$ cat coords.csv   # CSV, C-alpha atoms and all ligand atoms
chain,number,residue,atom,x,y,z
I,1,MET,CA,-14.6,112.0,-6.8
I,2,LYS,CA,-12.0,109.7,-8.3
I,3,LYS,CA,-10.3,109.2,-5.0
I,4,LYS,CA,-13.5,108.3,-3.2
I,5,LEU,CA,-14.2,105.7,-5.8
I,6,ARG,CA,-10.7,104.2,-5.3
I,7,ASN,CA,-11.2,104.1,-1.5
I,8,LYS,CA,-14.5,102.3,-1.9
I,9,ARG,CA,-12.9,99.7,-4.2
I,10,PHE,CA,-10.0,99.2,-1.7
I,11,ARG,CA,-12.4,98.6,1.1
I,12,PHE,CA,-14.2,96.0,-0.9
I,13,ILE,CA,-11.0,94.1,-1.6
I,14,LYS,CA,-10.2,94.2,2.1
I,15,VAL,CA,-13.5,92.6,3.0
I,16,ILE,CA,-13.0,89.9,0.4
I,17,LEU,CA,-9.5,89.3,1.7
I,18,PHE,CA,-10.8,89.1,5.2
I,19,ILE,CA,-13.5,86.6,4.3
I,20,PHE,CA,-10.9,84.6,2.5
I,21,ILE,CA,-8.5,84.4,5.4
I,22,LEU,CA,-11.4,83.6,7.8
I,23,TRP,CA,-12.4,80.8,5.5
I,24,ILE,CA,-8.9,79.4,5.5
I,25,VAL,CA,-8.5,79.7,9.2
I,26,LEU,CA,-11.9,78.0,9.9
I,27,TYR,CA,-12.3,75.6,7.1
I,28,ILE,CA,-8.9,73.9,6.7
I,29,PRO,CA,-8.8,72.5,10.3
I,30,ILE,CA,-12.3,71.2,9.9
I,31,LYS,CA,-11.4,69.5,6.7
I,32,VAL,CA,-8.2,68.1,8.1
I,33,LYS,CA,-10.1,66.7,11.1
I,34,HIS,CA,-12.7,65.3,8.7
I,35,PHE,CA,-10.0,63.5,6.6
I,36,THR,CA,-8.4,62.1,9.7
I,37,LEU,CA,-11.7,60.7,10.8
I,38,ILE,CA,-12.3,59.0,7.5
I,39,ARG,CA,-8.8,57.6,7.5
I,40,ASN,CA,-9.3,56.2,11.0
I,41,GLU,CA,-12.6,54.7,10.0
I,42,VAL,CA,-11.0,52.9,7.0
I,43,LYS,CA,-8.3,51.6,9.2
I,44,ALA,CA,-10.8,50.4,11.7
I,45,GLY,CA,-12.7,48.7,8.9
I,46,GLU,CA,-9.5,47.0,7.8
I,47,ILE,CA,-8.8,45.8,11.3
I,48,PHE,CA,-12.3,44.6,11.6
I,49,ASN,CA,-12.0,42.6,8.4
I,50,GLU,CA,-8.7,41.1,9.5
I,51,ASN,CA,-10.2,40.1,12.8
I,52,LEU,CA,-13.2,38.6,11.0
I,53,GLU,CA,-10.8,36.6,8.8
I,54,THR,CA,-8.8,35.4,11.9
I,55,ILE,CA,-12.0,34.4,13.6
I,56,GLN,CA,-13.4,32.7,10.5
I,57,TYR,CA,-10.1,30.8,10.0
I,58,PHE,CA,-10.1,29.8,13.6
I,59,LYS,CA,-13.7,28.5,13.3
I,60,ASP,CA,-12.8,26.5,10.2
I,61,ILE,CA,-9.9,24.9,11.9
I,62,LYS,CA,-11.9,24.2,15.0
I,63,SER,CA,-14.5,22.3,13.1
I,64,ASN,CA,-12.1,20.6,10.7
I,65,TYR,CA,-9.1,19.6,12.5
I,66,SER,CA,-10.8,16.3,13.5
I,67,ASN,CA,-10.5,15.4,9.8
I,68,PHE,CA,-6.8,15.0,10.2
I,69,TYR,CA,-5.2,11.9,11.5
I,70,GLY,CA,-2.0,10.7,12.9
I,71,ASP,CA,0.5,11.7,15.5
I,72,GLU,CA,-1.4,11.9,18.8
I,73,ASN,CA,1.0,14.5,20.2
I,74,LYS,CA,0.5,16.8,17.2
I,75,LEU,CA,-3.3,16.5,17.5
I,76,ALA,CA,-3.0,17.2,21.3
I,77,GLU,CA,-0.9,20.3,20.6
I,78,ILE,CA,-3.5,21.6,18.2
I,79,LYS,CA,-6.3,20.9,20.7
I,80,THR,CA,-4.4,22.9,23.4
I,81,LEU,CA,-3.9,25.8,21.0
I,82,ILE,CA,-7.5,25.9,20.1
I,83,GLN,CA,-8.4,26.0,23.8
I,84,SER,CA,-6.1,28.8,24.6
I,85,ILE,CA,-7.3,30.9,21.6
I,86,GLU,CA,-10.9,30.4,22.9
I,87,ASP,CA,-9.9,31.5,26.3
I,88,ASN,CA,-8.2,34.6,24.9
I,89,LEU,CA,-11.0,35.5,22.5
I,90,SER,CA,-13.1,36.7,25.5
I,91,ASN,CA,-10.9,39.9,25.3
I,92,GLY,CA,-11.5,40.3,21.6
I,93,VAL,CA,-9.0,39.7,18.8
I,94,THR,CA,-5.9,40.8,20.6
I,95,ILE,CA,-2.3,40.6,19.4
I,96,GLU,CA,-2.0,37.5,21.5
I,97,VAL,CA,-4.9,35.9,19.7
I,98,GLU,CA,-3.5,36.8,16.4
I,99,ASN,CA,-0.1,35.2,17.3
I,100,LEU,CA,-1.8,32.1,18.6
I,101,VAL,CA,-3.9,31.7,15.4
I,102,LEU,CA,-0.7,32.1,13.4
I,103,GLU,CA,0.9,29.3,15.4
I,104,LEU,CA,-2.2,27.2,14.9
I,105,LYS,CA,-2.1,27.9,11.2
I,106,SER,CA,1.5,26.7,10.9
I,107,LYS,CA,0.8,23.5,13.0
I,108,VAL,CA,-2.3,22.7,11.0
I,109,ASN,CA,-0.4,23.2,7.7
I,110,ASP,CA,2.4,20.9,8.9
I,111,LEU,CA,-0.1,18.2,9.8
I,112,SER,CA,-2.1,18.4,6.6
I,113,ALA,CA,1.0,18.3,4.5
I,114,SER,CA,2.3,15.2,6.3
I,115,ASN,CA,-1.2,13.6,6.0
I,116,GLU,CA,-1.2,14.2,2.3
I,117,ARG,CA,2.3,12.8,1.9
I,118,GLU,CA,1.5,9.7,3.8
I,119,LEU,CA,-1.8,9.1,2.0
I,120,GLU,CA,0.0,9.4,-1.4
I,121,GLU,CA,2.6,6.9,-0.4
I,122,TYR,CA,-0.1,4.6,1.0
I,123,PHE,CA,-2.1,4.9,-2.2
I,124,ASN,CA,1.0,4.1,-4.4
I,125,SER,CA,1.9,1.1,-2.4
I,126,ILE,CA,-1.6,-0.3,-2.7
I,127,THR,CA,-2.1,0.2,-6.3
I,128,GLU,CA,1.3,-0.5,-7.8
I,129,GLY,CA,1.0,-3.3,-10.2
I,130,SER,CA,-1.4,-5.3,-8.0
I,131,ILE,CA,-4.5,-5.0,-10.1
I,132,LYS,CA,-3.4,-7.0,-13.1
I,133,ASN,CA,-5.6,-9.9,-14.0
I,134,PHE,CA,-8.7,-8.1,-12.6
I,135,ASN,CA,-11.8,-8.5,-14.7
I,136,ASP,CA,-14.0,-5.5,-15.7
I,137,GLU,CA,-16.3,-5.8,-12.7
I,138,GLU,CA,-13.3,-5.9,-10.3
I,139,SER,CA,-11.5,-3.0,-12.0
I,140,ASN,CA,-14.7,-0.9,-11.8
I,141,GLU,CA,-15.0,-1.5,-8.1
I,142,VAL,CA,-11.4,-0.4,-7.7
I,143,ASN,CA,-12.1,2.7,-9.7
I,144,LYS,CA,-15.2,3.5,-7.6
I,145,ILE,CA,-13.3,3.3,-4.4
I,146,ILE,CA,-10.4,5.4,-5.8
I,147,ASN,CA,-12.9,8.1,-6.9
I,148,GLU,CA,-14.4,8.2,-3.4
I,149,TYR,CA,-10.9,8.5,-2.0
I,150,ASN,CA,-10.1,11.3,-4.4
I,151,THR,CA,-13.1,13.3,-3.2
I,152,LEU,CA,-12.3,12.9,0.4
I,153,PHE,CA,-8.7,13.8,-0.3
I,154,SER,CA,-9.5,17.0,-2.1
I,155,ASP,CA,-12.0,17.9,0.7
I,156,LYS,CA,-9.0,17.5,3.0
I,157,ASN,CA,-10.9,14.9,4.9
I,158,TYR,CA,-7.8,12.9,5.5
I,159,LYS,CA,-9.1,10.7,8.3
I,160,LEU,CA,-11.9,9.3,6.1
I,161,ALA,CA,-9.6,9.2,3.1
I,162,LYS,CA,-7.3,6.9,5.0
I,163,GLU,CA,-10.2,4.7,5.9
I,164,LYS,CA,-11.1,4.6,2.3
I,165,LEU,CA,-7.5,3.5,1.4
I,166,ASP,CA,-7.8,0.7,4.0
I,167,GLU,CA,-11.0,-0.4,2.3
I,168,LEU,CA,-9.2,-0.3,-1.1
I,169,ASN,CA,-6.2,-2.2,0.3
I,170,GLN,CA,-8.5,-4.9,1.7
I,171,TYR,CA,-10.5,-5.2,-1.6
I,172,ILE,CA,-7.4,-5.4,-3.7
I,173,ASN,CA,-5.7,-8.0,-1.5
I,174,GLU,CA,-8.7,-10.2,-1.5
I,175,THR,CA,-9.4,-9.8,-5.2
I,176,LYS,CA,-5.9,-10.3,-6.4
I,177,LYS,CA,-5.9,-13.8,-4.9
I,178,ILE,CA,-9.1,-14.6,-6.7
I,179,ALA,CA,-7.9,-13.0,-9.9
I,180,ASN,CA,-4.5,-14.7,-9.8
I,181,LYS,CA,-6.1,-18.1,-9.1
I,182,ARG,CA,-8.5,-17.6,-12.0
I,183,LYS,CA,-5.6,-16.7,-14.3
I,184,ILE,CA,-3.6,-19.8,-13.1
I,185,ASP,CA,-6.6,-22.0,-13.8
I,186,GLU,CA,-7.2,-20.5,-17.3
I,187,THR,CA,-3.6,-20.8,-18.3
I,188,TYR,CA,-3.4,-24.3,-16.9
I,189,GLU,CA,-6.3,-25.5,-19.0
I,190,GLU,CA,-4.9,-23.8,-22.1
I,191,LYS,CA,-1.3,-25.1,-21.6
I,192,ALA,CA,-2.4,-28.6,-20.7
I,193,SER,CA,-4.4,-28.9,-23.9
I,194,GLU,CA,-1.4,-28.0,-26.1
I,195,ASP,CA,0.9,-30.6,-27.7
I,196,ALA,CA,3.2,-31.8,-24.9
I,197,SER,CA,6.0,-32.6,-27.3
I,198,LEU,CA,6.3,-28.9,-28.2
I,199,ARG,CA,6.7,-27.5,-24.7
I,200,GLU,CA,10.0,-25.8,-23.8
I,201,PRO,CA,11.4,-26.1,-20.3
I,202,LYS,CA,11.3,-22.6,-18.6
I,203,TYR,CA,14.5,-21.5,-17.0
I,204,ILE,CA,14.7,-18.2,-15.1
I,205,ASN,CA,18.2,-17.1,-13.8
I,206,GLY,CA,19.3,-20.8,-14.3
I,207,ILE,CA,16.4,-22.1,-12.2
I,208,LEU,CA,14.0,-24.5,-13.9
I,209,LEU,CA,10.4,-23.4,-13.1
I,210,VAL,CA,7.6,-25.9,-13.4
I,211,ASN,CA,4.1,-25.0,-12.3
I,212,LYS,CA,0.6,-24.8,-13.8
I,213,GLU,CA,1.8,-22.2,-16.3
I,214,PHE,CA,5.2,-23.6,-17.3
I,215,GLY,CA,5.2,-27.3,-18.2
I,216,LEU,CA,7.7,-29.8,-19.6
I,217,PRO,CA,7.7,-31.8,-22.8
I,218,ASP,CA,7.0,-35.6,-22.5
I,219,THR,CA,10.6,-36.2,-23.6
I,220,PHE,CA,12.1,-34.4,-20.7
I,221,ALA,CA,13.4,-37.3,-18.6
I,222,PRO,CA,16.6,-36.4,-16.7
I,223,GLY,CA,16.0,-38.9,-13.8
I,224,GLU,CA,16.7,-38.0,-10.2
I,225,SER,CA,19.3,-35.2,-9.9
I,226,THR,CA,22.5,-36.5,-8.3
I,227,GLU,CA,23.3,-33.0,-6.9
I,228,ALA,CA,19.9,-32.9,-5.2
I,229,ARG,CA,20.3,-36.5,-3.9
I,230,GLU,CA,23.7,-35.6,-2.4
I,231,ALA,CA,22.3,-32.5,-0.7
I,232,PHE,CA,19.4,-34.6,0.6
I,233,GLU,CA,21.7,-37.3,2.0
I,234,LYS,CA,23.8,-34.6,3.8
I,235,MET,CA,20.6,-33.1,5.2
I,236,LYS,CA,19.4,-36.5,6.2
I,237,SER,CA,22.6,-37.4,8.1
I,238,ASP,CA,22.7,-34.0,9.9
I,239,ALA,CA,19.1,-34.4,10.9
I,240,ALA,CA,19.8,-37.9,12.2
I,241,ASN,CA,22.5,-36.4,14.5
I,242,GLU,CA,19.7,-34.3,16.0
I,243,GLY,CA,17.4,-37.4,16.4
I,244,ILE,CA,15.3,-36.5,13.3
I,245,TYR,CA,14.8,-39.3,10.8
I,246,LEU,CA,14.0,-38.3,7.2
I,247,ASN,CA,12.9,-40.3,4.3
I,248,ALA,CA,12.6,-39.3,0.6
I,249,PHE,CA,9.7,-41.4,-0.4
I,250,SER,CA,9.1,-39.9,-3.8
I,251,THR,CA,11.5,-38.0,-6.0
I,252,TYR,CA,11.8,-38.3,-9.8
I,253,ARG,CA,8.7,-39.2,-11.8
I,254,SER,CA,8.6,-39.5,-15.5
I,255,TYR,CA,5.9,-37.9,-17.6
I,256,TRP,CA,4.2,-41.2,-18.0
I,257,SER,CA,4.3,-42.2,-14.4
I,258,GLN,CA,2.8,-38.8,-13.5
I,259,ASP,CA,0.1,-39.4,-16.1
I,260,ARG,CA,-0.8,-42.7,-14.4
I,261,LEU,CA,-0.7,-41.2,-10.9
I,262,TYR,CA,-2.9,-38.2,-11.9
I,263,SER,CA,-5.4,-40.5,-13.7
I,264,ASN,CA,-5.7,-42.7,-10.6
I,265,TYR,CA,-6.4,-39.6,-8.4
I,266,VAL,CA,-9.0,-38.3,-10.8
I,267,ALA,CA,-10.7,-41.7,-10.7
I,268,ASN,CA,-10.8,-41.7,-6.9
I,269,TYR,CA,-11.4,-38.0,-6.1
I,270,GLY,CA,-12.7,-36.3,-9.2
I,271,GLN,CA,-10.7,-33.7,-11.3
I,272,ASP,CA,-11.2,-30.5,-9.3
I,273,PRO,CA,-10.0,-31.8,-5.9
I,274,THR,CA,-7.2,-33.6,-7.7
I,275,ASP,CA,-6.0,-30.4,-9.3
I,276,THR,CA,-5.4,-28.8,-5.9
I,277,PHE,CA,-2.8,-31.4,-4.9
I,278,SER,CA,-1.6,-33.3,-8.0
I,279,ALA,CA,-0.3,-32.1,-11.4
I,280,LYS,CA,-1.3,-33.2,-14.8
I,281,ALA,CA,1.4,-35.0,-16.7
I,282,GLY,CA,4.0,-32.6,-18.0
I,283,PHE,CA,3.3,-30.1,-15.1
I,284,SER,CA,4.7,-32.0,-12.2
I,285,GLU,CA,7.9,-30.7,-10.5
I,286,HIS,CA,8.8,-34.3,-9.9
I,287,GLN,CA,9.6,-34.7,-13.6
I,288,THR,CA,12.5,-32.3,-13.1
I,289,GLY,CA,14.3,-34.8,-10.8
I,290,LEU,CA,14.7,-31.9,-8.4
I,291,ALA,CA,11.6,-32.4,-6.2
I,292,PHE,CA,11.7,-34.5,-3.1
I,293,ASP,CA,8.7,-35.6,-1.1
I,294,ILE,CA,10.0,-36.1,2.4
I,295,GLY,CA,8.5,-38.0,5.3
I,296,GLY,CA,9.4,-38.9,8.9
I,297,VAL,CA,9.3,-42.1,11.0
I,298,ASP,CA,5.5,-42.3,10.9
I,299,ARG,CA,4.8,-43.6,7.5
I,300,SER,CA,1.0,-43.1,7.9
I,301,LEU,CA,1.7,-39.3,7.7
I,302,TRP,CA,3.7,-39.4,4.4
I,303,ALA,CA,2.1,-36.9,2.0
I,304,GLU,CA,-0.6,-36.2,4.6
I,305,GLU,CA,-1.8,-32.8,5.7
I,306,ASP,CA,-1.0,-33.6,9.4
I,307,PHE,CA,2.6,-34.2,8.6
I,308,LYS,CA,3.1,-30.4,9.2
I,309,TYR,CA,2.6,-30.9,12.9
I,310,THR,CA,5.5,-33.4,13.2
I,311,GLU,CA,9.0,-32.7,14.5
I,312,GLU,CA,10.4,-33.8,11.1
I,313,ALA,CA,8.3,-31.2,9.2
I,314,LYS,CA,9.3,-28.4,11.6
I,315,TRP,CA,13.0,-29.4,11.3
I,316,LEU,CA,12.7,-29.5,7.5
I,317,LYS,CA,11.0,-26.1,7.4
I,318,ASN,CA,13.7,-24.5,9.5
I,319,ASN,CA,16.8,-26.3,8.0
I,320,CYS,CA,16.1,-27.2,4.4
I,321,THR,CA,17.4,-23.9,2.9
I,322,LYS,CA,20.9,-24.7,4.4
I,323,TYR,CA,21.1,-27.7,2.0
I,324,GLY,CA,19.7,-26.0,-1.1
I,325,PHE,CA,16.0,-27.0,-0.7
I,326,ILE,CA,12.9,-24.9,-0.4
I,327,LEU,CA,9.4,-25.6,0.9
I,328,ARG,CA,7.7,-25.4,-2.5
I,329,TYR,CA,4.1,-24.9,-1.5
I,330,PRO,CA,3.9,-22.7,1.6
I,331,GLU,CA,0.8,-22.2,3.7
I,332,GLY,CA,-1.4,-19.3,2.5
I,333,LYS,CA,0.2,-19.1,-0.9
I,334,GLU,CA,-2.1,-21.3,-2.9
I,335,TRP,CA,-3.2,-18.4,-5.0
I,336,ILE,CA,0.4,-18.0,-6.2
I,337,THR,CA,1.6,-21.6,-6.5
I,338,GLY,CA,-1.8,-23.1,-7.6
I,339,TYR,CA,-1.4,-25.9,-5.0
I,340,MET,CA,-2.5,-26.4,-1.4
I,341,HIS,CA,0.2,-26.3,1.3
I,342,GLU,CA,2.4,-29.4,1.1
I,343,SER,CA,4.6,-29.7,4.1
I,344,TRP,CA,6.4,-32.7,2.6
I,345,HIS,CA,7.3,-31.4,-0.9
I,346,PHE,CA,10.7,-29.8,-1.2
I,347,ARG,CA,12.4,-28.5,-4.3
I,348,TYR,CA,16.2,-28.4,-4.8
I,349,ILE,CA,17.5,-25.1,-6.2
I,350,GLY,CA,21.0,-24.9,-4.7
I,351,VAL,CA,22.2,-23.1,-1.6
I,352,ASN,CA,23.0,-19.8,-3.4
I,353,ASP,CA,19.3,-19.3,-4.1
I,354,SER,CA,17.7,-21.3,-1.3
I,355,LYS,CA,19.4,-19.1,1.4
I,356,ASN,CA,17.1,-16.3,0.3
I,357,PHE,CA,14.2,-18.3,1.4
I,358,GLU,CA,15.4,-18.7,5.0
I,359,ASN,CA,12.7,-18.1,7.6
I,360,SER,CA,10.1,-16.9,5.0
I,361,ASP,CA,7.1,-18.2,3.2
I,362,LEU,CA,8.4,-16.8,-0.1
I,363,THR,CA,7.4,-18.9,-3.2
I,364,LEU,CA,9.6,-19.7,-6.1
I,365,GLU,CA,7.2,-17.7,-8.4
I,366,GLU,CA,7.7,-14.6,-6.2
I,367,TYR,CA,11.4,-15.2,-6.1
I,368,LEU,CA,11.7,-15.5,-9.8
I,369,GLY,CA,9.3,-12.6,-10.3
I,370,VAL,CA,6.7,-14.3,-12.5
I,401,ZN,ZN,5.7,-33.8,-4.4
$ encode --input "coords.csv" --output "structure tokens" --more "lines below"
Ligand SMILES: [Zn+2]
Amino acid sequence: MKKKLRNKRFRFIKVILFIFILWIVLYIPIKVKHFTLIRNEVKAGEIFNENLETIQYFKDIKSNYSNFYGDENKLAEIKTLIQSIEDNLSNGVTIEVENLVLELKSKVNDLSASNERELEEYFNSITEGSIKNFNDEESNEVNKIINEYNTLFSDKNYKLAKEKLDELNQYINETKKIANKRKIDETYEEKASEDASLREPKYINGILLVNKEFGLPDTFAPGESTEAREAFEKMKSDAANEGIYLNAFSTYRSYWSQDRLYSNYVANYGQDPTDTFSAKAGFSEHQTGLAFDIGGVDRSLWAEEDFKYTEEAKWLKNNCTKYGFILRYPEGKEWITGYMHESWHFRYIGVNDSKNFENSDLTLEEYLGV
């Protein structure tokens, strides 16, 4: 009876064991297969996402690369790359497509970095120190354009950002002339109304500067500079050897003779027109004894606008710096000098300095950094 019971129990254990082994043999491979399937699916999903990113990136570049500017060759290379990616995409996102997109990415990064660098340099060159003397309205306009530029720049719309900087450049260049002229006029009014006897001559690096901002006291009366006269006579004789005849028809003028001259002009032309070509007493460079008004053989052109077309005027312009003279009021620099172009008015500053003015329309104000 006991043995029977034990056999029964043993059989039961054998059945359980059999079921268990069956389960292991059948279930594990199924499970393994299942896990492999899941893993592959995840992997496929990842690839799909990567492909999507690649395609998305490609689409972005395709629609945005026209926002870049610059080197035609680089733009052409990018265009070609985009074309070959499109051709390859008909086979799906292959390894080749991925490599081409990587190449595209690198070229686009290069271009956008160089665009950014250039724009920053351009921006700095435009704005550096050139907006002084702007009034509130003008400063606001500058800030408005700069804000528009900043938006375009951060949107990576470099092409339009550059156009915006061109606009800013143009606005600042035009406005700085107006602002400078306004400042000269204001300073001139103020300085001219001050007591002439209290003025101090302004020397910068040993050069006496006289203009609408820096005047001379009424007691400043050095007479014609002998050094300047000698330089002029040398220039005159060298010019004569080339068949050019020069005449210094007006050099030193005292405070009081300038006062008389200016009053006569004002009586004849009115003050505003007079101020464009003649100085108030105490503000004429002729009072320094270093300014020479020079004419040629045709006396009717002395101190006339048309003198600039004569052989003498051309010779003077090309040669005066060799003798220590400079053309004091160049064309297009009225906003700096405060005076219209005077092709006959030359200022002696000595050869060491005048040589820096050779073949340029540099003004004494620019040279001395005022
Ligand atoms: Zn003059």
$ closest_residue --input "coords.csv" --among "I:His345, I:Lys176, I:Lys333, I:Arg9" --to "ligand ZN 401 (chain I)" --atoms "all atoms listed in the file"
I:His345
$ residues_around --input "coords.csv" --residues "Tyr255 in chain I" --least-positions-apart "2" --cutoff "10 Å" --atoms "only C-alpha atoms" --output "JSON, numbers by chain"
{"I": [196, 216, 217, 218, 219, 220, 221, 252, 253, 257, 258, 259, 260, 261, 280, 281, 282, 283, 284, 286, 287, 288]}
$ closest_residue --input "coords.csv" --among "I:Glu342, I:Glu120, I:Glu72, I:Asp353" --to "ligand ZN 401 (chain I)" --atoms "all atoms listed in the file"
I:Glu342
$ residues_around --input "coords.csv" --residues "range 355-358 of chain I" --least-positions-apart "6" --cutoff "12 Å" --atoms "all atoms listed in the file" --output "tab-separated table (two decimals) with C-alpha atoms, keeping the file's coordinate frame"
chain	number	residue	atom	x	y	z
I	316	LEU	CA	12.70	-29.50	7.50
I	317	LYS	CA	11.00	-26.10	7.40
I	318	ASN	CA	13.70	-24.50	9.50
I	319	ASN	CA	16.80	-26.30	8.00
I	320	CYS	CA	16.10	-27.20	4.40
I	321	THR	CA	17.40	-23.90	2.90
I	322	LYS	CA	20.90	-24.70	4.40
I	323	TYR	CA	21.10	-27.70	2.00
I	324	GLY	CA	19.70	-26.00	-1.10
I	325	PHE	CA	16.00	-27.00	-0.70
I	326	ILE	CA	12.90	-24.90	-0.40
I	327	LEU	CA	9.40	-25.60	0.90
I	328	ARG	CA	7.70	-25.40	-2.50
I	330	PRO	CA	3.90	-22.70	1.60
I	347	ARG	CA	12.40	-28.50	-4.30
I	348	TYR	CA	16.20	-28.40	-4.80
I	349	ILE	CA	17.50	-25.10	-6.20
I	364	LEU	CA	9.60	-19.70	-6.10
I	366	GLU	CA	7.70	-14.60	-6.20
I	367	TYR	CA	11.40	-15.20	-6.10
I	368	LEU	CA	11.70	-15.50	-9.80
$ closest_residue --input "coords.csv" --among "I:Glu285, I:Asp306, I:Glu137, I:Glu41" --to "ligand ZN 401 (chain I)" --atoms "all atoms listed in the file"
I:Glu285
$ atom_distance --input "coords.csv" --atom1 "CA of Thr54 in chain I" --atom2 "CA of Asn67 in chain I"
20.2 Å
$ closest_residue --input "coords.csv" --among "I:Leu290, I:Leu362, I:Ala313, I:Val142" --to "ligand ZN 401 (chain I)" --atoms "only C-alpha atoms and all ligand atoms"
I:Leu290
$ atom_distance --input "coords.csv" --atom1 "CA of Val108 in chain I" --atom2 "CA of Tyr149 in chain I"
21.1 Å
$ atom_distance --input "coords.csv" --atom1 "CA of Asp293 in chain I" --atom2 "CA of Phe249 in chain I"
5.9 Å
$ closest_residue --input "coords.csv" --among "I:Asn140, I:Ser130, I:Asn352, I:Ser112" --to "Phe153 in chain I" --atoms "all atoms listed in the file"
I:Ser112
$ closest_residue --input "coords.csv" --among "I:Ile126, I:Asn211, I:Gln83, I:Phe134" --to "Arg182 in chain I" --atoms "all atoms listed in the file"
I:Phe134
$ residues_around --input "coords.csv" --residues "Asn143 in chain I" --least-positions-apart "3" --cutoff "12 Å" --atoms "all atoms listed in the file" --output "PyMOL selection string"
chain I and resi 127+131+134+136-140+146-150+168+171-172
$ build_atoms --input "coords.csv" --residues "range 46-64 of chain I" --atoms "N, CA and C atoms" --output "PDB file, keeping the file's coordinate frame"
ATOM      1  N   GLU I  46     -10.528  47.974   8.149  1.00  0.00           N
ATOM      2  CA  GLU I  46      -9.500  47.000   7.800  1.00  0.00           C
ATOM      3  C   GLU I  46      -9.240  46.019   8.918  1.00  0.00           C
ATOM      4  N   ILE I  47      -9.036  46.595  10.066  1.00  0.00           N
ATOM      5  CA  ILE I  47      -8.800  45.800  11.300  1.00  0.00           C
ATOM      6  C   ILE I  47      -9.919  44.841  11.528  1.00  0.00           C
ATOM      7  N   PHE I  48     -11.126  45.423  11.392  1.00  0.00           N
ATOM      8  CA  PHE I  48     -12.300  44.600  11.600  1.00  0.00           C
ATOM      9  C   PHE I  48     -12.336  43.409  10.684  1.00  0.00           C
ATOM     10  N   ASN I  49     -12.051  43.687   9.391  1.00  0.00           N
ATOM     11  CA  ASN I  49     -12.000  42.600   8.400  1.00  0.00           C
ATOM     12  C   ASN I  49     -10.968  41.557   8.740  1.00  0.00           C
ATOM     13  N   GLU I  50      -9.790  42.051   9.105  1.00  0.00           N
ATOM     14  CA  GLU I  50      -8.700  41.100   9.500  1.00  0.00           C
ATOM     15  C   GLU I  50      -9.132  40.261  10.648  1.00  0.00           C
ATOM     16  N   ASN I  51      -9.753  40.896  11.628  1.00  0.00           N
ATOM     17  CA  ASN I  51     -10.200  40.100  12.800  1.00  0.00           C
ATOM     18  C   ASN I  51     -11.246  39.098  12.399  1.00  0.00           C
ATOM     19  N   LEU I  52     -12.118  39.512  11.475  1.00  0.00           N
ATOM     20  CA  LEU I  52     -13.200  38.600  11.000  1.00  0.00           C
ATOM     21  C   LEU I  52     -12.519  37.392  10.337  1.00  0.00           C
ATOM     22  N   GLU I  53     -11.488  37.669   9.506  1.00  0.00           N
ATOM     23  CA  GLU I  53     -10.800  36.600   8.800  1.00  0.00           C
ATOM     24  C   GLU I  53     -10.130  35.644   9.845  1.00  0.00           C
ATOM     25  N   THR I  54      -9.495  36.246  10.833  1.00  0.00           N
ATOM     26  CA  THR I  54      -8.800  35.400  11.900  1.00  0.00           C
ATOM     27  C   THR I  54      -9.863  34.559  12.564  1.00  0.00           C
ATOM     28  N   ILE I  55     -10.995  35.164  12.915  1.00  0.00           N
ATOM     29  CA  ILE I  55     -12.000  34.400  13.600  1.00  0.00           C
ATOM     30  C   ILE I  55     -12.595  33.296  12.707  1.00  0.00           C
ATOM     31  N   GLN I  56     -12.818  33.676  11.437  1.00  0.00           N
ATOM     32  CA  GLN I  56     -13.400  32.700  10.500  1.00  0.00           C
ATOM     33  C   GLN I  56     -12.407  31.524  10.324  1.00  0.00           C
ATOM     34  N   TYR I  57     -11.114  31.861  10.157  1.00  0.00           N
ATOM     35  CA  TYR I  57     -10.100  30.800  10.000  1.00  0.00           C
ATOM     36  C   TYR I  57     -10.091  29.916  11.214  1.00  0.00           C
ATOM     37  N   PHE I  58     -10.129  30.548  12.366  1.00  0.00           N
ATOM     38  CA  PHE I  58     -10.100  29.800  13.600  1.00  0.00           C
ATOM     39  C   PHE I  58     -11.297  28.842  13.701  1.00  0.00           C
ATOM     40  N   LYS I  59     -12.482  29.375  13.309  1.00  0.00           N
ATOM     41  CA  LYS I  59     -13.700  28.500  13.300  1.00  0.00           C
ATOM     42  C   LYS I  59     -13.554  27.338  12.412  1.00  0.00           C
ATOM     43  N   ASP I  60     -13.018  27.581  11.200  1.00  0.00           N
ATOM     44  CA  ASP I  60     -12.800  26.500  10.200  1.00  0.00           C
ATOM     45  C   ASP I  60     -11.921  25.403  10.802  1.00  0.00           C
ATOM     46  N   ILE I  61     -10.807  25.844  11.343  1.00  0.00           N
ATOM     47  CA  ILE I  61      -9.900  24.900  11.900  1.00  0.00           C
ATOM     48  C   ILE I  61     -10.511  24.084  13.025  1.00  0.00           C
ATOM     49  N   LYS I  62     -11.240  24.829  13.870  1.00  0.00           N
ATOM     50  CA  LYS I  62     -11.900  24.200  15.000  1.00  0.00           C
ATOM     51  C   LYS I  62     -12.802  23.074  14.608  1.00  0.00           C
ATOM     52  N   SER I  63     -13.562  23.323  13.544  1.00  0.00           N
ATOM     53  CA  SER I  63     -14.500  22.300  13.100  1.00  0.00           C
ATOM     54  C   SER I  63     -13.902  21.253  12.215  1.00  0.00           C
ATOM     55  N   ASN I  64     -12.722  21.548  11.632  1.00  0.00           N
ATOM     56  CA  ASN I  64     -12.100  20.600  10.700  1.00  0.00           C
ATOM     57  C   ASN I  64     -10.940  19.815  11.146  1.00  0.00           C
TER      58      ASN I  64
END
